[in-house]
Amino acid sequence: MKPPVFDYIAATSTDMAVAALAAAGGEAKIIAGGQSLMPMLSFRLLRPSLLVDINRIPGLAYIEEADTCLRIGALTRHFQIETSPVIARHLPVLSAAMTHVAHLAIRNRGTIGGSLSHGDPAAELPMIAVLLDATLHIESVSGQRAVRAQDFFLDALTVDLDSAEVLAEIILPKLPPNTGWGFEEIARRHGDFAIAAVAATLTVSDGSIRQARIALTGVGPTPVRAAAAETLLIGHALENKLVESVARAVRAAIAPEDDLHASADYRRHLAGVLTDRALHAAWRRAQGEP
Amino acid sequence: MAPAKPHQSAAVAIPVPDKISVSLNVNGVDVQLDLAPWTTLLDALRDRLNLTGTKKGCDHGQCGACTVLVDGRRIVSCLTLAVMKDGSKVTTIEGLAKDGMLHPLQQAFIDHDAFQCGYCTPGQICSAAGLLAEGRAKTADEIRELMSGNICRCGAYPNIVAAIQQVMGHS
């Protein structure tokens, strides 16, 4: 198995990278960690004429804490996010999700920007970006723009990023106080892409839910926010009858497909079961339990 | 981007990009190679440097047989272009023994019979060396979790975990 023929440049600045993309007229691809792109090249699913390597651009891998959010450079490796104390403190649901992203040797190379730009329909990071209302900062020769994660994922392996643009930074709002989280995934083997996964956060005060977020992956072409299901939770304490109706709303909000790994029916079933587990975990953690 | 097309007629000339000069330090030896940009680190090690200890299993990041250490961290060499690692320090299975003495992990794999056919073993040992350097795994479960990227089709997993635990106990 060999990648196709392509030319290669190692960009040393974001300006140089976007200039190279623009000059290639749609025939170039960015390579960051390469952990998704290299298999696609080897399988000849892509035949770019040029790879623009962004690994040597200084200052593109960082986790910075601001007042209300964390800013993550697109070149930040998965293992850095997985082991970051700042992420563990403010976005523990992200730390938990990272342990499900492939295996350690892959996480040593793979990047958050690469995973989001690739947009695999069963990947964890796109789901977490949608769950946490991330904002993505994108650069090109014509300037910068910001897009909400919710609007970024258009279809399977298709994102709102044109061939001359590069994802530069991901902004993740911190979780509010008194927020618990849950992350539940079923995969054939640990580290595989999800057959289905659910992540949830619940913000609780005076015994009732003030804000609820539920996101899913593996159950459609893009990650899904279950907005109608979230609304059912507001103003209530979590109890089993309520969870049942929320799980029903989640199952109604998705349109999974059959594939080699699981049937659509099984995925829809899992979405309900995992929603139940994730909500109970989030509720427990919102009460300060581990 | 143009989607993949069937092979075009021979009359269409496909321009071949120039080779790129790549400097690596492999197992303590500085080497310089002129490589086509699409050469993976795995192919550069095996086909250009004749370091065939690093194995090609699946060639797309699923099996871990090609795990090597780059600047001290374990990576799968099939998913890395050699040109991307220009200037890096690479350690393969051939570079672990020192002064005629096996690396403690190599000795432990022998002591615990931690392989059968041996094809995954270089990747297992390089991955375990990376695991030890990371210092995160303490228990057998954590070893299993953080070695999960290295598949052993013979099923030597219990002995692999025991071998790694032996080295952890002594370090």
# chains A, B, ... in the order shown; residues from 1 in each chain; ligands from 1
$ interface_residues --of "chain A" --to "chain B" --cutoff "7 Å" --atoms "only C-alpha atoms" --output "PyMOL selection string"
chain A and resi 1+3+5-8+26-27+34-35+38-39+44-48+103-106+108-109
$ residues_around --residues "range 234-244 of chain A" --least-positions-apart "5" --cutoff "10 Å" --atoms "only C-alpha atoms" --output "list in words"
Leu202, Thr203, Val204, Ser205, Asp206, Gly207, Ser208, Ile209, Arg210, Gln211, Ala212, Ala229, Ala249, Val250, Gly272, Val273, Thr275, Asp276, Arg277, Leu279, His280, Ala282, Trp283 and Arg284 of chain A
$ residues_around --residues "range 89-97 of chain B" --least-positions-apart "4" --cutoff "8 Å" --atoms "only C-alpha atoms" --output "VMD selection string"
chain B and resid 24 to 28 51 53 to 54 68 to 72 101 to 103 122 to 123 125 to 126
$ atom_distance --atom1 "CA of Thr135 in chain A" --atom2 "CA of Ala74 in chain A"
12.1 Å
$ select_by_dssp --residues "range 113-254 of chain A" --states "strand (DSSP E)" --output "MDAnalysis selection string"
chainID A and resid 135:140 143:148 153:155 158:159 166:173 179:186 196:205 208:217 224:225
$ residues_around --residues "Ala122 in chain A" --least-positions-apart "3" --cutoff "9 Å" --atoms "only C-alpha atoms" --output "list in words"
Gly119, Pro126, Met127, Phe193, Ala194, Ile195, Ala196, Ala197, Thr217, Gly218, Val219, Gly220, Pro221, Thr222 and Pro223 of chain A
$ write_last_selection --atoms "N, CA and C atoms" --output "CSV table (one decimal), in the first residue's frame"
chain,number,residue,atom,x,y,z
A,119,GLY,N,-13.7,15.4,9.9
A,119,GLY,CA,-15.2,15.3,10.1
A,119,GLY,C,-15.7,13.8,9.9
A,126,PRO,N,-15.5,15.8,16.9
A,126,PRO,CA,-16.6,16.7,16.4
A,126,PRO,C,-17.8,16.7,17.3
A,127,MET,N,-18.1,15.6,17.9
A,127,MET,CA,-19.3,15.5,18.8
A,127,MET,C,-19.0,16.5,20.0
A,193,PHE,N,-13.6,3.5,16.1
A,193,PHE,CA,-14.6,4.5,16.0
A,193,PHE,C,-15.9,4.0,16.6
A,194,ALA,N,-16.7,5.0,17.1
A,194,ALA,CA,-17.9,4.6,17.9
A,194,ALA,C,-19.0,4.0,16.9
A,195,ILE,N,-19.6,2.9,17.4
A,195,ILE,CA,-20.9,2.5,16.8
A,195,ILE,C,-21.9,3.6,17.2
A,196,ALA,N,-21.9,4.0,18.4
A,196,ALA,CA,-22.7,5.1,18.9
A,196,ALA,C,-22.1,5.7,20.1
A,197,ALA,N,-22.1,7.0,20.3
A,197,ALA,CA,-21.6,7.6,21.6
A,197,ALA,C,-22.5,8.8,21.9
A,217,THR,N,-22.6,10.9,18.4
A,217,THR,CA,-21.8,10.6,17.2
A,217,THR,C,-22.1,9.2,16.8
A,218,GLY,N,-21.8,8.9,15.6
A,218,GLY,CA,-21.9,7.5,15.1
A,218,GLY,C,-23.3,7.2,14.6
A,219,VAL,N,-24.2,8.2,14.7
A,219,VAL,CA,-25.7,7.9,14.5
A,219,VAL,C,-26.2,8.7,13.2
A,220,GLY,N,-25.3,9.2,12.4
A,220,GLY,CA,-25.7,9.9,11.2
A,220,GLY,C,-24.4,10.4,10.6
A,221,PRO,N,-24.6,11.2,9.5
A,221,PRO,CA,-23.4,11.7,8.7
A,221,PRO,C,-22.6,12.7,9.5
A,222,THR,N,-23.3,13.4,10.5
A,222,THR,CA,-22.6,14.4,11.2
A,222,THR,C,-22.9,14.2,12.7
A,223,PRO,N,-22.1,14.9,13.6
A,223,PRO,CA,-22.5,14.8,15.0
A,223,PRO,C,-23.9,15.6,15.2
$ atom_distance --atom1 "CA of Gly113 in chain A" --atom2 "CA of Ala23 in chain A"
21.9 Å
